[in-house]
$ cat run_15.cif   # mmCIF, C-alpha atoms and all ligand atoms
data_query
loop_
_atom_site.label_atom_id
_atom_site.label_comp_id
_atom_site.auth_asym_id
_atom_site.auth_seq_id
_atom_site.Cartn_x
_atom_site.Cartn_y
_atom_site.Cartn_z
CA MET A 1067 12.97 20.88 6.36
CA THR A 1068 14.38 17.50 7.22
CA ARG A 1069 13.16 14.86 4.85
CA PRO A 1070 11.21 12.22 6.80
CA ASN A 1071 12.95 8.91 7.37
CA SER A 1072 16.31 10.12 6.11
CA ASP A 1073 18.18 7.66 8.32
CA THR A 1074 20.71 5.04 7.47
CA ARG A 1075 18.66 1.82 7.70
CA ASP A 1076 18.99 -0.80 5.00
CA LEU A 1077 16.85 1.20 2.61
CA LEU A 1078 14.91 -0.73 0.03
CA LEU A 1079 12.67 2.03 -1.21
CA ASP A 1080 13.27 5.75 -0.86
CA MET A 1081 10.74 7.99 -2.52
CA ARG A 1082 11.47 11.70 -2.65
CA GLY A 1083 9.03 14.42 -3.58
CA LEU A 1084 6.90 12.20 -5.81
CA THR A 1085 4.32 14.33 -7.59
CA LEU A 1086 1.70 12.83 -9.90
CA GLY A 1087 -0.86 14.59 -12.04
CA VAL A 1088 -3.79 13.39 -14.10
CA ALA A 1089 -4.25 14.78 -17.59
CA THR A 1090 -7.78 16.14 -18.10
CA PRO A 1091 -9.34 18.39 -20.77
CA ASP A 1092 -8.93 21.24 -18.24
CA GLY A 1093 -5.20 20.60 -17.78
CA ILE A 1094 -3.14 18.54 -15.39
CA LEU A 1095 -4.70 18.10 -11.96
CA PRO A 1096 -2.46 17.09 -9.05
CA VAL A 1097 -3.25 13.69 -7.50
CA VAL A 1098 -0.15 13.00 -5.41
CA GLN A 1099 1.99 15.88 -4.15
CA ASP A 1100 5.53 16.00 -2.85
CA LEU A 1101 5.36 12.53 -1.35
CA SER A 1102 8.44 11.30 0.49
CA LEU A 1103 8.40 7.83 2.00
CA SER A 1104 10.92 5.13 2.70
CA LEU A 1105 10.87 1.44 3.45
CA SER A 1106 13.63 -0.79 4.75
CA THR A 1107 14.32 -4.44 4.22
CA GLY A 1108 12.27 -6.47 6.71
CA GLU A 1109 9.93 -3.59 7.47
CA THR A 1110 6.19 -3.23 6.96
CA LEU A 1111 5.02 0.25 6.04
CA GLY A 1112 1.30 0.95 6.18
CA ILE A 1113 -0.29 3.58 3.95
CA VAL A 1114 -3.72 4.61 5.15
CA GLY A 1115 -6.30 7.13 4.02
CA GLU A 1116 -9.84 7.33 2.71
CA SER A 1117 -10.82 6.49 -0.82
CA GLY A 1118 -9.29 8.80 -3.42
CA CYS A 1119 -6.29 9.91 -1.33
CA GLY A 1120 -3.77 8.62 -3.89
CA LYS A 1121 -2.68 5.37 -2.24
CA SER A 1122 -3.07 3.16 -5.30
CA LEU A 1123 -1.57 5.67 -7.70
CA THR A 1124 1.51 5.88 -5.47
CA SER A 1125 1.92 2.11 -5.58
CA LEU A 1126 1.32 1.99 -9.34
CA ALA A 1127 4.01 4.65 -9.79
CA ILE A 1128 6.47 2.51 -7.82
CA MET A 1129 5.55 -0.55 -9.87
CA GLY A 1130 5.84 1.36 -13.15
CA LEU A 1131 2.23 0.59 -14.01
CA LEU A 1132 1.02 4.08 -14.91
CA GLU A 1133 1.68 3.64 -18.60
CA GLY A 1134 -1.56 3.69 -20.56
CA THR A 1135 -3.32 5.76 -17.89
CA PRO A 1136 -3.79 9.54 -17.92
CA VAL A 1137 -1.61 9.78 -14.82
CA ARG A 1138 1.87 11.31 -15.21
CA VAL A 1139 4.90 11.54 -12.95
CA LEU A 1140 5.52 15.30 -12.74
CA ALA A 1141 8.43 15.31 -10.31
CA GLY A 1142 10.34 13.25 -7.80
CA GLU A 1143 12.57 10.23 -7.48
CA ILE A 1144 11.84 6.63 -6.54
CA PHE A 1145 15.05 4.98 -5.40
CA PHE A 1146 14.88 1.21 -5.16
CA ARG A 1147 18.05 -0.28 -3.68
CA GLY A 1148 19.87 2.90 -4.62
CA ARG A 1149 18.72 3.23 -8.25
CA ASP A 1150 16.13 5.76 -9.35
CA LEU A 1151 13.40 3.71 -11.01
CA LEU A 1152 12.13 6.76 -12.88
CA ARG A 1153 15.45 7.11 -14.67
CA LEU A 1154 16.03 3.49 -15.72
CA SER A 1155 15.57 2.41 -19.30
CA PRO A 1156 12.30 0.52 -19.91
CA ARG A 1157 14.30 -2.72 -20.16
CA GLU A 1158 16.19 -2.18 -16.89
CA ARG A 1159 12.98 -1.22 -15.22
CA ARG A 1160 11.17 -4.35 -16.40
CA ALA A 1161 13.96 -6.48 -14.94
CA VAL A 1162 13.61 -4.85 -11.52
CA MET A 1163 9.84 -4.98 -11.68
CA GLY A 1164 9.67 -8.59 -12.69
CA ASN A 1165 12.16 -9.93 -10.21
CA GLU A 1166 12.51 -7.69 -7.24
CA MET A 1167 9.10 -6.23 -6.57
CA SER A 1168 5.64 -7.63 -6.69
CA MET A 1169 2.10 -6.50 -6.00
CA ILE A 1170 -1.14 -8.04 -4.81
CA PHE A 1171 -4.45 -6.39 -5.47
CA GLN A 1172 -7.79 -6.18 -3.74
CA GLU A 1173 -9.90 -8.58 -5.78
CA PRO A 1174 -8.27 -11.92 -6.52
CA MET A 1175 -11.05 -13.06 -8.84
CA THR A 1176 -10.22 -10.32 -11.33
CA SER A 1177 -6.51 -11.12 -11.25
CA LEU A 1178 -6.77 -14.91 -11.58
CA ASN A 1179 -7.74 -16.34 -14.94
CA PRO A 1180 -10.98 -18.29 -14.38
CA VAL A 1181 -10.32 -20.81 -17.17
CA TYR A 1182 -6.91 -22.04 -15.99
CA ARG A 1183 -6.10 -24.27 -13.03
CA ILE A 1184 -4.38 -22.37 -10.23
CA GLY A 1185 -1.31 -24.63 -10.38
CA ASP A 1186 -0.80 -23.80 -14.07
CA GLN A 1187 -1.13 -20.09 -13.32
CA ILE A 1188 1.47 -20.30 -10.55
CA VAL A 1189 3.79 -22.38 -12.78
CA GLU A 1190 3.52 -19.71 -15.46
CA ALA A 1191 4.37 -16.97 -12.92
CA ILE A 1192 7.39 -18.95 -11.72
CA ARG A 1193 8.68 -19.58 -15.24
CA GLU A 1194 8.34 -15.88 -16.06
CA HIS A 1195 10.94 -15.24 -13.37
CA GLN A 1196 13.37 -18.04 -13.97
CA PRO A 1197 13.76 -20.63 -16.66
CA MET A 1198 13.00 -24.09 -15.27
CA SER A 1199 11.22 -27.25 -16.39
CA ARG A 1200 7.48 -27.49 -15.89
CA ARG A 1201 8.05 -30.31 -13.44
CA ALA A 1202 10.47 -28.27 -11.29
CA ALA A 1203 8.13 -25.27 -11.51
CA ARG A 1204 5.22 -27.45 -10.35
CA ASP A 1205 7.27 -28.58 -7.33
CA ARG A 1206 8.01 -24.93 -6.59
CA ALA A 1207 4.28 -24.10 -7.00
CA LEU A 1208 3.48 -26.75 -4.37
CA GLU A 1209 6.09 -25.19 -2.10
CA LEU A 1210 4.53 -21.76 -2.59
CA LEU A 1211 1.01 -23.08 -1.89
CA THR A 1212 2.38 -24.62 1.31
CA MET A 1213 4.07 -21.32 2.20
CA VAL A 1214 0.75 -19.47 1.93
CA ARG A 1215 -0.89 -22.16 4.11
CA ILE A 1216 -3.38 -23.51 1.57
CA PRO A 1217 -4.76 -26.65 3.19
CA ASP A 1218 -3.94 -29.84 1.22
CA PRO A 1219 -1.85 -28.10 -1.48
CA ALA A 1220 -1.38 -31.28 -3.52
CA GLY A 1221 -5.15 -31.74 -3.62
CA ARG A 1222 -5.81 -28.08 -4.49
CA ILE A 1223 -3.14 -27.39 -7.07
CA ASP A 1224 -5.36 -28.53 -9.96
CA SER A 1225 -8.43 -26.59 -8.82
CA PHE A 1226 -9.97 -23.81 -10.85
CA PRO A 1227 -10.25 -20.41 -9.12
CA HIS A 1228 -14.03 -20.69 -8.66
CA GLN A 1229 -13.54 -23.90 -6.68
CA LEU A 1230 -11.68 -22.00 -3.96
CA SER A 1231 -13.01 -19.67 -1.27
CA GLY A 1232 -12.23 -15.93 -1.44
CA GLY A 1233 -9.54 -16.29 1.22
CA GLN A 1234 -7.91 -19.21 -0.61
CA ARG A 1235 -7.94 -17.27 -3.87
CA GLN A 1236 -6.17 -14.40 -2.14
CA ARG A 1237 -3.61 -16.92 -0.82
CA VAL A 1238 -3.06 -18.10 -4.41
CA MET A 1239 -2.52 -14.50 -5.50
CA ILE A 1240 0.03 -14.09 -2.73
CA ALA A 1241 1.76 -17.32 -3.84
CA MET A 1242 1.97 -15.90 -7.38
CA ALA A 1243 3.36 -12.62 -6.05
CA LEU A 1244 6.05 -14.58 -4.20
CA ALA A 1245 7.00 -16.61 -7.28
CA GLY A 1246 10.05 -14.45 -8.01
CA SER A 1247 11.08 -14.14 -4.32
CA PRO A 1248 10.58 -10.35 -4.37
CA ARG A 1249 12.43 -8.00 -2.04
CA LEU A 1250 9.43 -5.66 -1.96
CA LEU A 1251 5.80 -6.72 -1.80
CA ILE A 1252 3.09 -4.10 -2.24
CA ALA A 1253 -0.32 -5.23 -1.01
CA ASP A 1254 -3.07 -2.82 -2.10
CA GLU A 1255 -6.19 -3.42 0.02
CA PRO A 1256 -5.50 -7.17 -0.01
CA THR A 1257 -8.29 -8.01 2.42
CA THR A 1258 -11.03 -5.52 1.66
CA ALA A 1259 -13.14 -8.05 -0.28
CA LEU A 1260 -12.91 -10.64 2.51
CA ASP A 1261 -14.95 -11.13 5.67
CA VAL A 1262 -13.43 -10.08 8.96
CA THR A 1263 -12.17 -13.51 10.09
CA VAL A 1264 -10.56 -14.34 6.74
CA GLN A 1265 -9.17 -10.81 6.58
CA ALA A 1266 -7.37 -11.38 9.91
CA GLN A 1267 -5.97 -14.70 8.65
CA ILE A 1268 -4.59 -13.14 5.46
CA LEU A 1269 -3.00 -10.26 7.38
CA LYS A 1270 -1.41 -12.76 9.75
CA LEU A 1271 -0.09 -14.65 6.74
CA ILE A 1272 1.43 -11.49 5.24
CA VAL A 1273 3.15 -10.71 8.55
CA GLU A 1274 4.48 -14.28 8.82
CA LEU A 1275 5.74 -14.29 5.23
CA GLN A 1276 7.40 -10.95 5.78
CA LYS A 1277 9.22 -12.34 8.82
CA ASP A 1278 10.18 -15.60 7.05
CA THR A 1279 11.47 -13.97 3.88
CA GLY A 1280 12.75 -10.61 5.22
CA MET A 1281 11.11 -8.73 2.34
CA GLY A 1282 9.88 -5.19 2.77
CA VAL A 1283 6.09 -4.91 2.67
CA MET A 1284 3.99 -1.88 1.79
CA LEU A 1285 0.46 -2.48 2.98
CA ILE A 1286 -2.24 -0.15 1.71
CA SER A 1287 -5.63 0.15 3.37
CA HIS A 1288 -8.37 2.65 4.08
CA ASP A 1289 -8.73 0.98 7.49
CA LEU A 1290 -6.40 2.22 10.22
CA GLY A 1291 -7.34 -0.85 12.31
CA VAL A 1292 -5.91 -3.19 9.64
CA ILE A 1293 -2.75 -1.10 9.37
CA ALA A 1294 -2.33 -0.85 13.15
CA GLU A 1295 -2.31 -4.62 13.62
CA THR A 1296 0.23 -5.26 10.92
CA CYS A 1297 2.70 -2.43 10.35
CA ASP A 1298 5.96 -1.20 11.87
CA ARG A 1299 5.50 2.29 10.48
CA ILE A 1300 2.49 4.18 9.21
CA ALA A 1301 1.99 6.98 6.71
CA VAL A 1302 -1.42 8.68 6.74
CA MET A 1303 -2.41 10.21 3.39
CA TYR A 1304 -5.00 12.84 2.69
CA ARG A 1305 -5.74 14.15 -0.77
CA GLY A 1306 -2.42 13.16 -2.28
CA ARG A 1307 -0.16 14.18 0.61
CA VAL A 1308 1.32 12.46 3.63
CA VAL A 1309 -0.22 14.31 6.56
CA GLU A 1310 1.34 12.26 9.36
CA THR A 1311 3.99 9.56 9.53
CA ALA A 1312 5.50 7.76 12.51
CA GLY A 1313 6.32 4.38 13.95
CA ALA A 1314 3.09 2.48 14.63
CA ARG A 1315 3.33 2.67 18.43
CA GLU A 1316 4.51 6.25 18.31
CA LEU A 1317 1.56 7.20 16.14
CA PHE A 1318 -1.03 5.66 18.44
CA GLN A 1319 0.57 7.05 21.60
CA ASP A 1320 1.09 10.55 20.28
CA MET A 1321 -1.02 11.27 17.20
CA ARG A 1322 -0.91 14.92 16.18
CA HIS A 1323 -3.00 15.26 13.04
CA PRO A 1324 -6.78 15.73 13.32
CA TYR A 1325 -7.28 13.51 10.25
CA THR A 1326 -5.37 10.63 11.87
CA ARG A 1327 -7.55 11.09 14.95
CA GLY A 1328 -10.67 10.96 12.76
CA LEU A 1329 -9.49 7.71 11.14
CA LEU A 1330 -8.87 6.24 14.60
CA ASP A 1331 -12.34 7.26 15.76
CA SER A 1332 -13.75 5.60 12.63
CA ILE A 1333 -12.53 2.13 13.62
CA PRO A 1334 -15.60 0.22 14.79
CA GLU A 1335 -15.48 -1.47 18.19
CA ALA A 1336 -15.36 -5.27 18.03
CA ASP A 1337 -19.05 -5.62 18.96
CA GLU A 1338 -20.19 -2.77 16.76
CA ASP A 1339 -21.75 -3.53 13.40
CA VAL A 1340 -21.96 -0.03 11.97
CA ASP A 1341 -19.92 1.99 9.54
CA ARG A 1342 -18.23 4.65 11.65
CA LEU A 1343 -16.53 6.45 8.76
CA SER A 1344 -19.03 9.21 9.50
CA ALA A 1345 -16.69 10.07 12.43
CA ILE A 1346 -15.08 12.43 9.91
CA PRO A 1347 -17.75 14.77 8.55
CA GLY A 1348 -17.92 15.45 4.81
CA ARG A 1349 -15.89 13.72 2.13
CA VAL A 1350 -12.54 13.79 0.37
CA PRO A 1351 -12.79 16.60 -2.20
CA THR A 1352 -12.78 15.51 -5.83
CA LEU A 1353 -9.82 16.26 -8.06
CA ASP A 1354 -11.45 19.19 -9.81
CA GLU A 1355 -12.28 20.99 -6.55
CA THR A 1356 -9.67 23.63 -5.80
CA ILE A 1357 -8.88 23.86 -2.10
CA THR A 1358 -6.37 26.36 -0.82
CA GLY A 1359 -4.36 25.89 2.37
CA CYS A 1360 -4.76 22.61 4.21
CA ALA A 1361 -6.92 20.30 2.08
CA PHE A 1362 -8.56 18.95 5.24
CA HIS A 1363 -9.81 22.35 6.44
CA PRO A 1364 -13.44 22.05 5.23
CA ARG A 1365 -13.79 18.93 7.43
CA CYS A 1366 -11.60 19.85 10.37
CA ALA A 1367 -13.01 20.82 13.78
CA ARG A 1368 -9.67 22.44 14.75
CA ALA A 1369 -9.36 24.63 11.66
CA GLY A 1370 -8.25 28.15 12.57
CA ALA A 1371 -6.54 31.19 11.12
CA GLY A 1372 -4.40 30.33 8.12
CA CYS A 1373 -5.80 26.81 7.61
CA ASP A 1374 -7.77 27.85 4.52
CA SER A 1375 -4.89 29.80 2.97
CA ASP A 1376 -1.51 28.30 3.96
CA GLN A 1377 -0.37 24.77 3.22
CA PRO A 1378 1.11 23.43 6.47
CA ALA A 1379 4.65 22.04 6.19
CA LEU A 1380 5.56 18.57 7.42
CA ALA A 1381 6.97 19.33 10.89
CA ALA A 1382 8.95 17.01 13.15
CA PHE A 1383 7.48 16.03 16.53
CA ALA A 1384 10.18 13.41 17.14
CA PRO A 1385 13.05 12.12 14.98
CA THR A 1386 10.73 9.68 13.20
CA HIS A 1387 7.40 11.44 13.70
CA PHE A 1388 6.17 14.11 11.28
CA ALA A 1389 2.80 15.80 10.80
CA ARG A 1390 1.43 18.53 8.58
CA CYS A 1391 -0.87 20.75 10.68
CA HIS A 1392 -1.05 24.38 11.85
CA TYR A 1393 -2.82 23.40 15.09
CA PRO A 1394 -1.63 19.90 15.94
CA LEU A 1395 -3.27 17.88 18.69
CA GLU A 1396 -1.70 18.03 22.12
CA PRO A 1397 0.44 15.00 23.07
CA ASP A 1398 -2.27 13.13 25.00
CA ALA A 1399 -5.30 14.43 23.13
N1 LIG G 1 -6.67 6.24 -14.27
C1 LIG G 1 -7.10 7.35 -13.67
N2 LIG G 1 -7.54 8.39 -14.39
C2 LIG G 1 -7.97 9.53 -13.80
N3 LIG G 1 -8.00 9.71 -12.48
C3 LIG G 1 -7.60 8.72 -11.71
C4 LIG G 1 -7.12 7.48 -12.24
N4 LIG G 1 -6.79 6.67 -11.23
C5 LIG G 1 -7.05 7.37 -10.10
N5 LIG G 1 -7.54 8.59 -10.39
C6 LIG G 1 -7.92 9.63 -9.41
O1 LIG G 1 -6.79 9.90 -8.60
C7 LIG G 1 -7.18 10.04 -7.24
C8 LIG G 1 -6.40 9.06 -6.39
O2 LIG G 1 -6.77 7.74 -6.78
P1 LIG G 1 -6.23 6.43 -6.08
O3 LIG G 1 -6.79 5.29 -6.86
O4 LIG G 1 -4.77 6.48 -5.92
O5 LIG G 1 -6.92 6.52 -4.65
P2 LIG G 1 -6.90 5.47 -3.44
O6 LIG G 1 -6.37 6.22 -2.26
O7 LIG G 1 -6.19 4.24 -3.84
O8 LIG G 1 -8.44 5.19 -3.20
P3 LIG G 1 -9.21 3.81 -2.86
O9 LIG G 1 -9.14 3.68 -1.36
O10 LIG G 1 -10.59 4.08 -3.35
O11 LIG G 1 -8.54 2.68 -3.58
C9 LIG G 1 -8.68 9.81 -7.19
O12 LIG G 1 -9.30 11.07 -7.17
C10 LIG G 1 -8.98 9.10 -8.46
O13 LIG G 1 -10.27 9.42 -8.93
S1 LIG G 2 -3.89 22.57 9.32
FE1 LIG G 2 -5.78 23.34 10.20
S2 LIG G 2 -7.41 22.44 8.93
FE2 LIG G 2 -5.52 21.30 8.54
S3 LIG G 2 -5.64 19.58 9.93
FE3 LIG G 2 -4.48 21.18 10.98
S4 LIG G 2 -6.01 22.33 12.16
FE4 LIG G 2 -7.11 21.09 10.67
MG MG G 3 -6.81 2.27 -4.13
#
$ encode --input "run_15.cif" --output "structure tokens"
Amino acid sequence: MTRPNSDTRDLLLDMRGLTLGVATPDGILPVVQDLSLSLSTGETLGIVGESGCGKSLTSLAIMGLLEGTPVRVLAGEIFFRGRDLLRLSPRERRAVMGNEMSMIFQEPMTSLNPVYRIGDQIVEAIREHQPMSRRAARDRALELLTMVRIPDPAGRIDSFPHQLSGGQRQRVMIAMALAGSPRLLIADEPTTALDVTVQAQILKLIVELQKDTGMGVMLISHDLGVIAETCDRIAVMYRGRVVETAGARELFQDMRHPYTRGLLDSIPEADEDVDRLSAIPGRVPTLDETITGCAFHPRCARAGAGCDSDQPALAAFAPTHFARCHYPLEPDA
């Protein structure tokens, strides 16, 4: 089988066969299986899937943040600019992590320290990356606050987190993530805690920053609508596996996996104020539930012979379009 995305673009991140397991009293349960993904400089890759599909664990594995959790890397390689992160010494890895990649999380209030002014927190983040005087770091903090479009940065730099709105706090978190001028930014549900209007503004900001800086961005969301608006390429995950991956336009014009279709049907219309996640019946199985064959089969209207016994392989529908399904949707379904 051809490995997805095995082309010759300016590869920043190239993950091959990543497999993660969680240690439990009953043994090691798989949480992410045989995951291969890549991301180029200047590209935005969206990872989408319902809660519990393994999106965050994948990003934590890239960032080297699984230590202290029961989650283990069981197999695979994570190449970042040609070096396998999983085989670097802890010291080498820290250097890459600190300077070249950065992550923003869902809830800015839990990541910002409530008792310190935001300017001081940004200054500290800057000085972690490069030695400079406090005064120079404060100038750089002002620059970063301007970059993330905080209104009146000079007036806001000495505010405490609680004095800012949710959207402004998320902008501060983004400023801190940019402190080391990372080549890769991972944004894990960066707008989920925000209302729809602010969410759109933050996504627009991420897109603009990506264009200005040329960094690669991995954007994680359970909302295919959010991913669709923002990303060049999309990987759909279900229960620890990529089930479909393609360029964003390609995916929407020619989606082949029933789960992708279900996620699309779950996006509420603009004037609709209801949760349409019920468009996919049932729920993501928990880790301790053993499911043979395609993990989506208990919820899939297309399930047929073999779906409950044989794991479908990732098959190519076009050079950059892959899906894992025994009975894929027809091209214009
Ligand atoms: N520290 C942990 N210990 C044990 N199990 C974990 C841990 N972190 C995650 N898991 C389990 O691994 C699976 C994948 O979790 P993960 O957080 O990656 O999902 P996710 O796709 O990011 O979901 P969400 O959309 O809710 O953020 C879930 O079943 C989760 O319960
Ligand atoms: S393999 Fe079968 S159960 Fe799985 S998504 Fe395809 S049709 Fe549905
Ligand atoms: Mg998550």
$ residues_near_ligand --input "run_15.cif" --ligand "ligand LIG 1 (chain G)" --cutoff "7 Å" --atoms "all atoms listed in the file" --output "ChimeraX atom specification"
/A:1088,1097,1115-1124,1135-1137,1287-1288,1352-1353
$ write_last_selection --input "run_15.cif" --atoms "C-alpha atoms" --output "CSV table (one decimal), in the frame of the given file"
chain,number,residue,atom,x,y,z
A,1088,VAL,CA,-3.8,13.4,-14.1
A,1097,VAL,CA,-3.2,13.7,-7.5
A,1115,GLY,CA,-6.3,7.1,4.0
A,1116,GLU,CA,-9.8,7.3,2.7
A,1117,SER,CA,-10.8,6.5,-0.8
A,1118,GLY,CA,-9.3,8.8,-3.4
A,1119,CYS,CA,-6.3,9.9,-1.3
A,1120,GLY,CA,-3.8,8.6,-3.9
A,1121,LYS,CA,-2.7,5.4,-2.2
A,1122,SER,CA,-3.1,3.2,-5.3
A,1123,LEU,CA,-1.6,5.7,-7.7
A,1124,THR,CA,1.5,5.9,-5.5
A,1135,THR,CA,-3.3,5.8,-17.9
A,1136,PRO,CA,-3.8,9.5,-17.9
A,1137,VAL,CA,-1.6,9.8,-14.8
A,1287,SER,CA,-5.6,0.2,3.4
A,1288,HIS,CA,-8.4,2.6,4.1
A,1352,THR,CA,-12.8,15.5,-5.8
A,1353,LEU,CA,-9.8,16.3,-8.1
$ closest_atom_pairs --input "run_15.cif" --of "region 1241-1355 of chain A" --to "region 1391-1399 of chain A" --cutoff "12 Å" --atoms "all atoms listed in the file" --output "CSV"
residue,atom,partner,partner_atom,distance
A:Tyr1304,CA,A:Cys1391,CA,12.0
A:Val1308,CA,A:Cys1391,CA,11.1
A:Val1309,CA,A:Cys1391,CA,7.7
A:Glu1310,CA,A:Cys1391,CA,8.9
A:Glu1316,CA,A:Pro1397,CA,10.8
A:Leu1317,CA,A:Pro1397,CA,10.5
A:Phe1318,CA,A:Asp1398,CA,10.0
A:Gln1319,CA,A:Asp1398,CA,7.5
A:Asp1320,CA,A:Pro1397,CA,5.3
A:Met1321,CA,A:Pro1397,CA,7.1
A:Arg1322,CA,A:Leu1395,CA,4.5
A:His1323,CA,A:Pro1394,CA,5.6
A:Pro1324,CA,A:Leu1395,CA,6.8
A:Tyr1325,CA,A:Cys1391,CA,9.7
A:Thr1326,CA,A:Leu1395,CA,10.2
A:Arg1327,CA,A:Leu1395,CA,8.9
A:Gly1328,CA,A:Leu1395,CA,11.7
$ closest_residue --input "run_15.cif" --among "A:Thr1212, A:Gln1196, A:Ser1177, A:Gln1172" --to "Leu1260 (chain A)" --atoms "all atoms listed in the file"
A:Gln1172
$ axis_aligned_box --input "run_15.cif" --around "region 1197-1200 of chain A" --padding-each-side "8 Å" --output "JSON"
{"center_x": 10.6, "center_y": -24.1, "center_z": -16.0, "size_x": 22.3, "size_y": 22.9, "size_z": 17.4}
$ atom_distance --input "run_15.cif" --atom1 "CA of Ser1225 (chain A)" --atom2 "CA of Val1283 (chain A)"
28.5 Å
$ residues_around --input "run_15.cif" --residues "Arg1365 (chain A)" --least-positions-apart "4" --cutoff "12 Å" --atoms "only C-alpha atoms" --output "number ranges by chain"
A: 1304, 1324-1325, 1328, 1344-1351, 1357, 1360-1361, 1369-1370, 1373-1374
$ closest_residue --input "run_15.cif" --among "A:Leu1111, A:Val1262, A:Ala1141, A:Ile1128" --to "Ile1300 (chain A)" --atoms "all atoms listed in the file"
A:Leu1111
$ atom_distance --input "run_15.cif" --atom1 "CA of Val1189 (chain A)" --atom2 "CA of Arg1206 (chain A)"
7.9 Å
$ closest_residue --input "run_15.cif" --among "A:Pro1156, A:Pro1217, A:Gly1087, A:Pro1248" --to "Gly1282 (chain A)" --atoms "only C-alpha atoms"
A:Pro1248
$ closest_residue --input "run_15.cif" --among "A:Val1238, A:Ala1259, A:Val1114, A:Ala1089" --to "Ile1293 (chain A)" --atoms "all atoms listed in the file"
A:Val1114
$ closest_residue --input "run_15.cif" --among "A:Ala1301, A:Ile1223, A:Leu1084, A:Leu1126" --to "ligand MG 3 (chain G)" --atoms "only C-alpha atoms and all ligand atoms"
A:Leu1126
$ atom_distance --input "run_15.cif" --atom1 "CA of Gly1233 (chain A)" --atom2 "CA of Leu1211 (chain A)"
12.9 Å
$ closest_residue --input "run_15.cif" --among "A:Ala1220, A:Ile1113, A:Val1214, A:Leu1152" --to "Ile1240 (chain A)" --atoms "all atoms listed in the file"
A:Val1214
$ closest_atom_pairs --input "run_15.cif" --of "region 1274-1390 of chain A" --to "region 1105-1110 of chain A" --cutoff "9 Å" --atoms "only C-alpha atoms" --output "CSV"
residue,atom,partner,partner_atom,distance
A:Gln1276,CA,A:Gly1108,CA,6.7
A:Lys1277,CA,A:Gly1108,CA,6.9
A:Thr1279,CA,A:Gly1108,CA,8.1
A:Gly1280,CA,A:Gly1108,CA,4.4
A:Met1281,CA,A:Gly1108,CA,5.1
A:Gly1282,CA,A:Thr1107,CA,4.7
A:Val1283,CA,A:Thr1110,CA,4.6
A:Met1284,CA,A:Thr1110,CA,5.8
A:Leu1285,CA,A:Thr1110,CA,7.0
A:Thr1296,CA,A:Thr1110,CA,7.4
A:Cys1297,CA,A:Thr1110,CA,4.9
A:Asp1298,CA,A:Thr1110,CA,5.3
A:Arg1299,CA,A:Thr1110,CA,6.6
A:Ile1300,CA,A:Thr1110,CA,8.6
$ residues_around --input "run_15.cif" --residues "Arg1235 (chain A)" --least-positions-apart "2" --cutoff "10 Å" --atoms "all atoms listed in the file" --output "count of residues only"
20
$ decode --input "run_15.cif" --residues "region 1076-1087 of chain A" --atoms "N, CA and C atoms" --output "PDB file, in the first residue's frame"
ATOM      1  N   ASP A1076       7.916  20.253   0.784  1.00  0.00           N
ATOM      2  CA  ASP A1076       8.845  20.651   1.825  1.00  0.00           C
ATOM      3  C   ASP A1076       8.301  20.145   3.161  1.00  0.00           C
ATOM      4  N   LEU A1077       8.588  18.889   3.443  1.00  0.00           N
ATOM      5  CA  LEU A1077       7.956  18.225   4.580  1.00  0.00           C
ATOM      6  C   LEU A1077       8.472  18.758   5.913  1.00  0.00           C
ATOM      7  N   LEU A1078       7.536  19.123   6.749  1.00  0.00           N
ATOM      8  CA  LEU A1078       7.880  19.580   8.087  1.00  0.00           C
ATOM      9  C   LEU A1078       7.721  18.390   9.030  1.00  0.00           C
ATOM     10  N   LEU A1079       6.559  17.781   8.918  1.00  0.00           N
ATOM     11  CA  LEU A1079       6.217  16.676   9.803  1.00  0.00           C
ATOM     12  C   LEU A1079       5.822  15.478   8.959  1.00  0.00           C
ATOM     13  N   ASP A1080       6.345  14.316   9.304  1.00  0.00           N
ATOM     14  CA  ASP A1080       6.027  13.113   8.544  1.00  0.00           C
ATOM     15  C   ASP A1080       5.900  11.957   9.541  1.00  0.00           C
ATOM     16  N   MET A1081       4.657  11.651   9.840  1.00  0.00           N
ATOM     17  CA  MET A1081       4.402  10.629  10.856  1.00  0.00           C
ATOM     18  C   MET A1081       4.124   9.308  10.151  1.00  0.00           C
ATOM     19  N   ARG A1082       4.744   8.253  10.587  1.00  0.00           N
ATOM     20  CA  ARG A1082       4.569   6.963   9.915  1.00  0.00           C
ATOM     21  C   ARG A1082       4.185   5.873  10.904  1.00  0.00           C
ATOM     22  N   GLY A1083       3.015   5.341  10.719  1.00  0.00           N
ATOM     23  CA  GLY A1083       2.586   4.167  11.492  1.00  0.00           C
ATOM     24  C   GLY A1083       2.540   4.393  12.994  1.00  0.00           C
ATOM     25  N   LEU A1084       2.221   5.620  13.415  1.00  0.00           N
ATOM     26  CA  LEU A1084       2.206   5.887  14.860  1.00  0.00           C
ATOM     27  C   LEU A1084       1.130   5.044  15.549  1.00  0.00           C
ATOM     28  N   THR A1085       1.542   4.330  16.563  1.00  0.00           N
ATOM     29  CA  THR A1085       0.611   3.484  17.316  1.00  0.00           C
ATOM     30  C   THR A1085       0.798   3.772  18.805  1.00  0.00           C
ATOM     31  N   LEU A1086      -0.291   4.157  19.453  1.00  0.00           N
ATOM     32  CA  LEU A1086      -0.235   4.495  20.881  1.00  0.00           C
ATOM     33  C   LEU A1086      -1.149   3.559  21.652  1.00  0.00           C
ATOM     34  N   GLY A1087      -0.735   3.212  22.848  1.00  0.00           N
ATOM     35  CA  GLY A1087      -1.576   2.372  23.696  1.00  0.00           C
ATOM     36  C   GLY A1087      -1.641   2.955  25.094  1.00  0.00           C
TER      37      GLY A1087
END
